[in-house]
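Asker: Supplied structure: run26.txt, compact mmCIF, C-alpha atoms and all ligand atoms.
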```
# COMPACT_ATOMS: atom_id res chain seq x y z
CA MET A 1 63.19 9.98 -82.03
CA MET A 2 59.52 9.15 -81.29
CA PRO A 3 58.91 7.43 -77.93
CA PHE A 4 58.85 3.67 -78.38
CA SER A 5 55.44 2.12 -78.90
CA GLN A 6 54.56 -1.51 -79.43
CA HIS A 7 51.60 -0.36 -81.52
CA ASP A 8 51.74 0.90 -85.10
CA ALA A 9 50.34 4.22 -86.30
CA THR A 10 46.87 2.67 -86.68
CA GLY A 11 46.91 1.39 -83.09
CA ARG A 12 47.46 -2.27 -84.02
CA LEU A 13 49.97 -4.25 -82.00
CA ARG A 14 53.21 -4.67 -83.91
CA HIS A 15 55.65 -5.90 -81.22
CA LEU A 16 55.22 -7.72 -77.93
CA THR A 17 58.15 -6.84 -75.67
CA THR A 18 56.10 -6.20 -72.51
CA LEU A 19 52.49 -6.34 -71.32
CA ASP A 20 52.85 -2.77 -70.11
CA GLY A 21 50.72 -0.53 -72.30
CA LEU A 22 48.39 -3.29 -73.49
CA SER A 23 44.69 -2.79 -72.78
CA ALA A 24 42.63 -5.35 -70.86
CA ASP A 25 40.83 -6.00 -74.14
CA GLU A 26 44.05 -6.86 -75.92
CA VAL A 27 44.98 -9.27 -73.14
CA HIS A 28 41.53 -10.88 -73.34
CA GLN A 29 41.79 -11.20 -77.10
CA PHE A 30 45.06 -13.12 -76.74
CA LEU A 31 43.42 -15.51 -74.27
CA GLU A 32 40.41 -16.04 -76.52
CA ARG A 33 42.53 -16.60 -79.59
CA ALA A 34 44.85 -18.98 -77.73
CA GLN A 35 41.90 -20.95 -76.37
CA ARG A 36 40.97 -21.80 -79.96
CA PHE A 37 44.35 -23.54 -80.28
CA VAL A 38 43.94 -25.61 -77.10
CA ARG A 39 43.21 -29.30 -77.67
CA ALA A 40 42.39 -32.15 -75.26
CA THR A 41 45.37 -34.18 -74.04
CA GLY A 42 46.28 -36.76 -76.66
CA ALA A 43 44.38 -35.03 -79.49
CA ALA A 44 46.24 -33.85 -82.58
CA PRO A 45 47.62 -30.34 -82.04
CA ALA A 46 45.91 -27.37 -83.68
CA ARG A 47 47.44 -26.17 -86.92
CA SER A 48 46.83 -23.34 -89.35
CA HIS A 49 48.49 -21.63 -92.30
CA THR A 50 48.63 -18.05 -90.98
CA LEU A 51 52.43 -18.06 -91.05
CA ASP A 52 52.78 -19.52 -94.57
CA GLY A 53 55.70 -17.67 -96.12
CA VAL A 54 56.71 -16.14 -92.76
CA THR A 55 60.18 -16.64 -91.26
CA VAL A 56 60.66 -16.41 -87.49
CA ALA A 57 64.18 -16.13 -86.04
CA HIS A 58 64.47 -17.41 -82.46
CA LEU A 59 67.47 -15.75 -80.81
CA PHE A 60 68.14 -17.06 -77.31
CA THR A 61 71.14 -16.00 -75.25
CA GLU A 62 69.89 -17.44 -71.96
CA PRO A 63 68.99 -21.06 -71.34
CA SER A 64 65.42 -22.02 -72.13
CA THR A 65 63.53 -25.27 -72.49
CA ARG A 66 59.80 -24.63 -72.40
CA THR A 67 59.73 -21.15 -73.91
CA ARG A 68 62.05 -21.96 -76.76
CA ALA A 69 60.44 -25.29 -77.65
CA SER A 70 56.98 -23.76 -77.53
CA PHE A 71 57.87 -20.79 -79.74
CA GLU A 72 59.44 -23.16 -82.27
CA LEU A 73 56.40 -25.43 -82.21
CA ALA A 74 54.05 -22.46 -82.44
CA THR A 75 55.87 -21.25 -85.57
CA ALA A 76 55.78 -24.72 -87.14
CA ARG A 77 52.11 -25.33 -86.32
CA LEU A 78 51.15 -22.05 -87.96
CA GLY A 79 53.01 -23.06 -91.12
CA GLY A 80 56.00 -20.72 -90.65
CA THR A 81 59.72 -21.33 -91.08
CA SER A 82 62.06 -21.10 -88.05
CA ILE A 83 65.71 -20.38 -87.69
CA ASN A 84 67.15 -20.90 -84.23
CA LEU A 85 70.38 -19.27 -83.15
CA ASP A 86 72.27 -19.07 -79.87
CA ILE A 87 73.94 -15.74 -80.46
CA SER A 88 74.86 -13.05 -78.05
CA LEU A 89 72.97 -9.80 -78.35
CA SER A 90 73.82 -8.83 -74.81
CA SER A 91 76.47 -6.16 -74.72
CA ARG A 92 75.16 -2.66 -75.31
CA GLN A 93 78.76 -1.60 -76.00
CA LYS A 94 78.54 -3.85 -78.98
CA GLY A 95 75.46 -2.03 -80.25
CA GLU A 96 76.75 -2.15 -83.81
CA THR A 97 77.15 -5.88 -83.57
CA VAL A 98 73.61 -6.37 -82.30
CA LEU A 99 72.24 -4.46 -85.25
CA ASP A 100 74.62 -6.12 -87.71
CA THR A 101 73.24 -9.47 -86.64
CA ILE A 102 69.67 -8.28 -86.90
CA TYR A 103 70.22 -6.57 -90.27
CA THR A 104 71.91 -9.68 -91.62
CA LEU A 105 68.90 -11.79 -90.72
CA GLN A 106 66.54 -9.11 -91.94
CA ALA A 107 68.33 -9.21 -95.30
CA MET A 108 67.40 -12.91 -95.41
CA ALA A 109 63.75 -11.85 -95.07
CA VAL A 110 63.17 -12.67 -91.42
CA ASP A 111 59.73 -11.33 -90.47
CA VAL A 112 59.66 -11.88 -86.70
CA PHE A 113 62.48 -11.94 -84.15
CA VAL A 114 61.77 -13.82 -80.92
CA ILE A 115 64.45 -12.70 -78.47
CA ARG A 116 65.55 -13.81 -75.01
CA ASP A 117 68.36 -11.82 -73.46
CA ARG A 118 69.73 -11.30 -69.98
CA GLU A 119 70.28 -7.57 -70.49
CA PRO A 120 67.40 -5.13 -70.11
CA GLY A 121 66.41 -3.13 -73.18
CA VAL A 122 67.66 -5.36 -76.00
CA CYS A 123 64.19 -6.18 -77.37
CA GLN A 124 63.13 -2.55 -77.48
CA TYR A 125 66.46 -1.50 -78.98
CA VAL A 126 66.08 -4.01 -81.78
CA ALA A 127 62.41 -3.07 -82.26
CA GLU A 128 63.42 0.56 -82.76
CA HIS A 129 65.81 -0.36 -85.56
CA VAL A 130 64.10 -3.00 -87.69
CA GLN A 131 62.19 -2.34 -90.92
CA ASP A 132 58.54 -1.36 -90.65
CA HIS A 133 57.14 -4.78 -91.48
CA VAL A 134 59.29 -6.66 -88.91
CA SER A 135 57.99 -7.59 -85.43
CA ILE A 136 59.87 -8.29 -82.18
CA VAL A 137 58.58 -10.65 -79.50
CA SER A 138 60.25 -10.96 -76.11
CA ALA A 139 60.86 -14.48 -74.87
CA GLY A 140 62.19 -13.12 -71.55
CA GLU A 141 64.04 -9.90 -70.79
CA ALA A 142 66.41 -9.85 -67.80
CA HIS A 143 64.34 -9.83 -64.57
CA LEU A 144 61.88 -7.41 -66.14
CA SER A 145 59.48 -9.01 -68.48
CA HIS A 146 58.24 -12.28 -69.91
CA PRO A 147 55.01 -11.29 -71.61
CA THR A 148 54.00 -14.63 -73.12
CA GLN A 149 54.46 -16.31 -69.71
CA GLY A 150 52.15 -13.69 -68.16
CA LEU A 151 49.56 -14.46 -70.83
CA LEU A 152 49.82 -18.23 -70.49
CA ASP A 153 49.47 -17.97 -66.72
CA ALA A 154 46.33 -15.86 -67.19
CA LEU A 155 44.96 -18.37 -69.72
CA THR A 156 45.53 -21.25 -67.30
CA ILE A 157 43.75 -19.41 -64.48
CA TRP A 158 40.86 -18.52 -66.80
CA GLN A 159 40.47 -22.17 -67.86
CA PHE A 160 40.35 -23.46 -64.30
CA LYS A 161 38.57 -20.61 -62.54
CA GLY A 162 36.33 -19.26 -65.30
CA GLY A 163 37.07 -15.62 -64.46
CA PHE A 164 39.32 -13.28 -62.49
CA ARG A 165 37.38 -10.84 -60.33
CA ASP A 166 36.74 -12.88 -57.21
CA LEU A 167 40.11 -14.60 -57.05
CA VAL A 168 42.89 -14.48 -54.50
CA VAL A 169 46.18 -15.18 -56.31
CA SER A 170 49.35 -15.69 -54.24
CA ILE A 171 52.73 -15.39 -55.97
CA VAL A 172 55.31 -17.04 -53.70
CA GLY A 173 59.11 -17.10 -53.67
CA ASP A 174 61.81 -15.09 -55.39
CA ILE A 175 59.62 -12.31 -56.77
CA ARG A 176 62.42 -9.75 -56.75
CA HIS A 177 64.39 -11.45 -59.52
CA SER A 178 61.44 -12.86 -61.45
CA ARG A 179 60.35 -11.57 -64.83
CA VAL A 180 57.49 -14.07 -64.65
CA ALA A 181 56.11 -12.43 -61.50
CA ARG A 182 56.25 -8.99 -63.12
CA SER A 183 54.48 -10.04 -66.32
CA THR A 184 51.95 -12.28 -64.61
CA TYR A 185 51.17 -9.49 -62.15
CA LEU A 186 50.58 -7.11 -65.07
CA ALA A 187 48.32 -9.58 -66.89
CA LEU A 188 46.29 -10.37 -63.78
CA SER A 189 45.88 -6.78 -62.67
CA LYS A 190 44.68 -5.80 -66.15
CA LEU A 191 42.19 -8.65 -66.02
CA GLY A 192 40.87 -7.38 -62.68
CA VAL A 193 41.97 -10.13 -60.26
CA GLY A 194 40.40 -9.33 -56.86
CA GLU A 195 43.48 -9.78 -54.70
CA ILE A 196 47.08 -10.38 -55.71
CA ARG A 197 49.49 -11.28 -52.91
CA LEU A 198 53.26 -11.17 -53.08
CA VAL A 199 54.59 -13.68 -50.57
CA ALA A 200 58.35 -13.69 -50.01
CA PRO A 201 61.15 -13.16 -47.52
CA ALA A 202 62.10 -9.47 -47.29
CA GLU A 203 65.26 -9.90 -49.42
CA LEU A 204 63.30 -11.52 -52.26
CA MET A 205 60.49 -8.94 -52.30
CA PRO A 206 60.55 -6.32 -55.10
CA ASP A 207 61.02 -2.61 -54.34
CA PRO A 208 57.91 -0.93 -52.89
CA ASP A 209 57.25 1.16 -56.01
CA GLU A 210 56.83 -2.02 -58.07
CA MET A 211 53.63 -4.09 -58.26
CA HIS A 212 52.20 -1.67 -55.74
CA GLN A 213 48.59 -2.83 -56.04
CA ALA A 214 49.49 -6.19 -54.53
CA LYS A 215 49.44 -7.08 -50.83
CA ARG A 216 52.83 -8.04 -49.40
CA LEU A 217 53.26 -10.85 -46.89
CA HIS A 218 56.41 -12.26 -45.35
CA ASP A 219 54.95 -15.55 -44.18
CA ILE A 220 53.89 -18.34 -46.51
CA ASP A 221 51.15 -19.70 -44.26
CA ALA A 222 49.39 -16.33 -44.07
CA GLY A 223 50.27 -15.69 -47.72
CA ILE A 224 48.46 -18.73 -49.12
CA ALA A 225 45.54 -18.80 -46.65
CA HIS A 226 42.27 -19.07 -48.64
CA ALA A 227 44.10 -18.60 -51.93
CA ASP A 228 42.41 -19.75 -55.16
CA VAL A 229 45.66 -19.80 -57.10
CA ILE A 230 49.23 -20.27 -55.87
CA ILE A 231 52.10 -19.48 -58.23
CA MET A 232 55.43 -20.83 -56.93
CA LEU A 233 58.73 -19.38 -58.15
CA ARG A 234 62.25 -20.74 -57.90
CA ILE A 235 65.13 -18.74 -56.44
CA GLN A 236 66.90 -17.11 -59.42
CA LYS A 237 70.46 -17.56 -58.19
CA GLU A 238 71.84 -16.49 -61.55
CA ARG A 239 70.44 -12.97 -61.04
CA MET A 240 71.84 -12.47 -57.53
CA GLN A 241 75.04 -10.60 -56.78
CA SER A 242 75.54 -11.98 -53.27
CA LEU A 243 73.99 -15.26 -52.29
CA ALA A 244 72.63 -14.55 -48.81
CA ILE A 245 70.07 -17.30 -49.21
CA PRO A 246 69.51 -20.21 -46.86
CA SER A 247 70.34 -23.82 -47.72
CA ASP A 248 67.81 -25.72 -49.86
CA ASP A 249 66.57 -27.61 -46.80
CA ALA A 250 66.16 -24.48 -44.70
CA TYR A 251 64.34 -22.72 -47.55
CA PHE A 252 62.02 -25.70 -48.07
CA ALA A 253 61.19 -25.81 -44.36
CA GLN A 254 60.33 -22.13 -44.23
CA TRP A 255 59.06 -21.36 -47.75
CA GLY A 256 58.39 -24.65 -49.54
CA LEU A 257 54.86 -25.55 -50.62
CA ASN A 258 54.05 -28.94 -49.11
CA GLN A 259 50.78 -30.88 -48.70
CA GLN A 260 50.32 -29.66 -45.14
CA ARG A 261 50.53 -26.01 -46.11
CA LEU A 262 48.35 -26.51 -49.17
CA LYS A 263 45.44 -27.27 -46.84
CA LEU A 264 45.47 -23.59 -45.81
CA ALA A 265 44.36 -22.58 -49.29
CA ARG A 266 40.83 -22.96 -50.73
CA PRO A 267 39.85 -26.60 -51.34
CA GLU A 268 39.78 -26.03 -55.13
CA VAL A 269 43.12 -24.20 -55.21
CA ILE A 270 45.31 -24.60 -58.29
CA VAL A 271 49.10 -24.71 -58.02
CA MET A 272 51.24 -23.22 -60.79
CA HIS A 273 54.96 -22.96 -61.51
CA PRO A 274 56.61 -21.52 -64.63
CA GLY A 275 59.48 -24.04 -64.49
CA PRO A 276 62.18 -25.04 -64.12
CA MET A 277 61.09 -26.46 -60.75
CA ASN A 278 63.38 -27.29 -57.89
CA ARG A 279 61.57 -30.15 -56.23
CA GLY A 280 62.15 -30.21 -52.51
CA VAL A 281 63.23 -26.53 -52.50
CA GLU A 282 60.27 -24.28 -53.37
CA ILE A 283 57.80 -27.09 -54.00
CA ALA A 284 57.35 -30.65 -52.74
CA SER A 285 57.33 -33.31 -55.41
CA ASP A 286 53.93 -34.63 -54.39
CA VAL A 287 52.47 -31.12 -54.71
CA ALA A 288 54.08 -30.58 -58.11
CA ASP A 289 52.55 -33.85 -59.32
CA GLY A 290 49.43 -33.72 -57.16
CA LYS A 291 45.77 -33.17 -57.96
CA HIS A 292 45.92 -29.38 -57.51
CA SER A 293 48.84 -28.95 -59.89
CA VAL A 294 48.15 -27.39 -63.31
CA ILE A 295 51.82 -27.08 -64.18
CA ARG A 296 51.54 -29.31 -67.28
CA ASN A 297 48.53 -27.30 -68.45
CA GLN A 298 50.69 -24.19 -68.27
CA VAL A 299 53.19 -25.88 -70.56
CA SER A 300 50.50 -26.83 -73.11
CA ASN A 301 49.03 -23.35 -72.91
CA GLY A 302 52.46 -21.93 -73.68
CA VAL A 303 52.25 -23.23 -77.24
CA ALA A 304 48.69 -21.93 -77.67
CA ILE A 305 49.58 -18.46 -76.39
CA ARG A 306 52.66 -18.21 -78.60
CA MET A 307 50.58 -19.27 -81.60
CA ALA A 308 48.06 -16.55 -80.69
CA VAL A 309 50.78 -13.91 -80.38
CA LEU A 310 52.50 -14.78 -83.67
CA GLU A 311 49.19 -15.01 -85.50
CA THR A 312 48.03 -11.65 -84.14
CA LEU A 313 51.20 -9.84 -85.16
CA ILE A 314 51.15 -11.30 -88.67
CA GLU A 315 47.44 -10.56 -89.14
CA ASN A 316 48.05 -7.00 -87.99
CA ARG A 317 50.82 -6.72 -90.54
CA LEU A 318 48.47 -7.93 -93.30
CA ASP A 319 45.90 -5.38 -92.12
CA ARG A 320 48.52 -2.70 -92.60
CA GLY A 321 48.74 -3.86 -96.21
CA SER A 322 52.19 -5.45 -95.87
CA ARG A 323 52.51 -9.03 -97.18
CA PRO A 324 55.19 -11.46 -96.03
N1 LIG B 1 61.40 -20.00 -67.08
C1 LIG B 1 61.10 -18.76 -66.39
C2 LIG B 1 61.93 -17.62 -66.92
O1 LIG B 1 62.52 -17.73 -67.96
C3 LIG B 1 61.18 -18.89 -64.91
C4 LIG B 1 62.50 -19.26 -64.32
O2 LIG B 1 63.50 -19.37 -65.04
O3 LIG B 1 62.51 -19.45 -63.11
O4 LIG B 1 61.97 -16.57 -66.32
```
Here is a file; write its structure as structure tokens.
Ligand code: ASP

Answerer:
Amino acid sequence: MMPFSQHDATGRLRHLTTLDGLSADEVHQFLERAQRFVRATGAAPARSHTLDGVTVAHLFTEPSTRTRASFELATARLGGTSINLDISLSSRQKGETVLDTIYTLQAMAVDVFVIRDREPGVCQYVAEHVQDHVSIVSAGEAHLSHPTQGLLDALTIWQFKGGFRDLVVSIVGDIRHSRVARSTYLALSKLGVGEIRLVAPAELMPDPDEMHQAKRLHDIDAGIAHADVIIMLRIQKERMQSLAIPSDDAYFAQWGLNQQRLKLARPEVIVMHPGPMNRGVEIASDVADGKHSVIRNQVSNGVAIRMAVLETLIENRLDRGSRP
């Protein structure tokens, strides 16, 4: 079997299961396309007809609020049809069942599968087995990858900072178990961010061979000093085998982002969080809702990025001469 590629034979992107292997140009193009879908707060949302006649199946086997709602809205605002199923694709032992499910939906003329699964490899496995015209988009794969979150984080930083090169970006918290950290790191390093810091207690730091271009710090005060962007992450208890983590209060005291600590960062710092937030654990409520927070902008940008991704994949399919 050929090694898996997200690109088709002509080099156009066909799937988006990871940001690994995408060029900086491709990442930029997603941001530029998404920016065209961004509207001022309160304005009517952007719409188009690119997905007329296209069916998108959203298959989520892990809880999701923001990602799922924004993919469904993105499909609707591009004129596509959604079907939304909570079905288990998880068990690799049930490989036949995974494909049976996919083939059943494919027989109903599903064009795009948006998949969230707690087991690594499901998106790629499905991508390797679908018909040539069908695309797979990851909506979160285990602790490994969440490509559209990486893109929406980059878009948010671009909107507020106007560029990437001169920035110090601190990612703080449970990086070890975070697919967001991995995808956002990939997006930001492709875009040439000057300094990326991983700031976490030793047990929540990823292995040394991962994200190796980033600086590692085990102290939040040093980790956010002079930062332009701070990305806070929750502790992903559901991905931990043994829970050797401190109480919420102890974690907040040592690792929580509060107003006092925020003063260590640059005066124009922006604070981000992919959600769901644990107020009073990794972030103080008045920081989450404060003037440096761009957390709601991230949510709005999530719809724009998912519209950009779906539109790109369908346009690429049309360029290959395949009509929905
Ligand atoms: N919503 C993000 C994810 O799906 C972050 C999180 O759950 O903490 O990975």

Asker: Find the residues near ligand LIG 1 (chain B). Use a cut-off of 6 Å, count only C-alpha atoms and all ligand atoms, and write them as JSON, numbers by chain.

Answerer: {"A": [140, 179, 180, 234, 274, 275, 276]}

Asker: Choose the residue, out of A:Ile220, A:Gln298, A:Leu233, A:Phe160, that has the smallest atom-to-atom separation from Val269 in chain A; count all atoms listed in the file.

Answerer: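 Once distances to Val269 in chain A are computed over all atoms listed in the file, the minimum belongs to A:Phe160.
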
Asker: I need the residue nearest Phe113 in chain A from this list: A:Leu310, A:Ala187, A:Ile245, A:Met272. Use all atoms listed in the file for the distance.

Answerer: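 The closest residue to Phe113 in chain A is A:Leu310.
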
Asker: Taking 5 positions as the minimum chain separation for residues in the same chain, which residues sit within 7 Å of Ile136 in chain A when counting only C-alpha atoms? Answer as a PDB file with C-alpha atoms, keeping the file's coordinate frame.

Answerer:
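The file below, selection-v7.pdb, is the result:
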```pdb
ATOM      1  CA  HIS A  15      55.650  -5.900 -81.220  1.00  0.00           C
ATOM      2  CA  LEU A  16      55.220  -7.720 -77.930  1.00  0.00           C
ATOM      3  CA  THR A  17      58.150  -6.840 -75.670  1.00  0.00           C
ATOM      4  CA  VAL A 112      59.660 -11.880 -86.700  1.00  0.00           C
ATOM      5  CA  PHE A 113      62.480 -11.940 -84.150  1.00  0.00           C
ATOM      6  CA  VAL A 114      61.770 -13.820 -80.920  1.00  0.00           C
ATOM      7  CA  CYS A 123      64.190  -6.180 -77.370  1.00  0.00           C
ATOM      8  CA  ALA A 127      62.410  -3.070 -82.260  1.00  0.00           C
TER       9      ALA A 127
END
```

Asker: Between CA of Ile283 in chain A and CA of Leu257 in chain A, what is the distance, to one decimal in Å?

Answerer: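 So the answer is 4.7 Å.
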
Asker: Between CA of Arg116 in chain A and CA of Gln236 in chain A, what is the spacing in Å?

Answerer: 16.0 Å

Asker: Considering all atoms listed in the file, state which residue in the set A:Arg68, A:His28, A:His273, A:Arg77 is at the smallest distance from Asp153 in chain A.

Answerer: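 So, comparing all the options, the nearest one is A:His273.
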
Asker: Using only C-alpha atoms, which of the listed residues (A:Arg182, A:Ile171, A:Ser247, A:Arg323) sits closest to Arg216 in chain A?

Answerer: A:Ile171

Asker: Pick the closest to Ala308 in chain A from A:Leu31, A:Leu217, A:Ala181, A:Ile102: which is it, counting all atoms listed in the file?

Answerer: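 Among the listed residues, A:Leu31 lies closest to Ala308 in chain A.
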
Asker: Which of these residues is nearest to Gly11 in chain A, using only C-alpha atoms: A:Asn316, A:Asn301, A:Thr67, A:Ser322?

Answerer: A:Asn316

Asker: Just to confirm, what's the straight-line distance from CA of Ser285 in chain A to CA of Asn258 in chain A in Å (one decimal)?

Answerer: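 Answer for the CA of Ser285 in chain A to CA of Asn258 in chain A separation: 8.3 Å.
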
Asker: Neighbours of range 37-48 of chain A within 6 Å (all atoms listed in the file; same-chain residues fewer than 2 positions away dropped), as a PDB file with C-alpha atoms, keeping the file's coordinate frame?

Answerer:
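Generated output (selection02.pdb):
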```pdb
ATOM      1  CA  ALA A  34      44.850 -18.980 -77.730  1.00  0.00           C
ATOM      2  CA  GLN A  35      41.900 -20.950 -76.370  1.00  0.00           C
ATOM      3  CA  THR A  50      48.630 -18.050 -90.980  1.00  0.00           C
ATOM      4  CA  ARG A  77      52.110 -25.330 -86.320  1.00  0.00           C
ATOM      5  CA  LEU A  78      51.150 -22.050 -87.960  1.00  0.00           C
ATOM      6  CA  ALA A 304      48.690 -21.930 -77.670  1.00  0.00           C
TER       7      ALA A 304
END
```

Asker: Extract, using all atoms listed in the file, all DNA, RNA and protein residues at most 12 Å from Leu188 in chain A, discarding same-chain residues fewer than 4 positions from it, and format them as an MDAnalysis selection string.

Answerer: chainID A and resid 19:20 23:24 27:28 147 149:158 163:171 180:184 192:197 211 213:214 229

Asker: Name all residues at most 7 Å from Thr81 in chain A (count all atoms listed in the file; drop same-chain ones fewer than 5 positions away) and give them as a PyMOL selection string.

Answerer: chain A and resi 54-56+75-76

Asker: Can you pull out the residues contacting Leu262 in chain A? Cut-off 9 Å, using all atoms listed in the file, and skip same-chain residues under 6 positions away; I want them as an NGL selection string.

Answerer: :A and (221 or 224-225 or 269 or 287)

Asker: Kindly extract all protein, DNA and RNA residues lying within 8 Å of the coordinates (37.2, -20.7, -52.6) given in the file, considering all atoms listed in the file, and supply them as a ChimeraX atom specification.

Answerer: /A:226-228,266-269
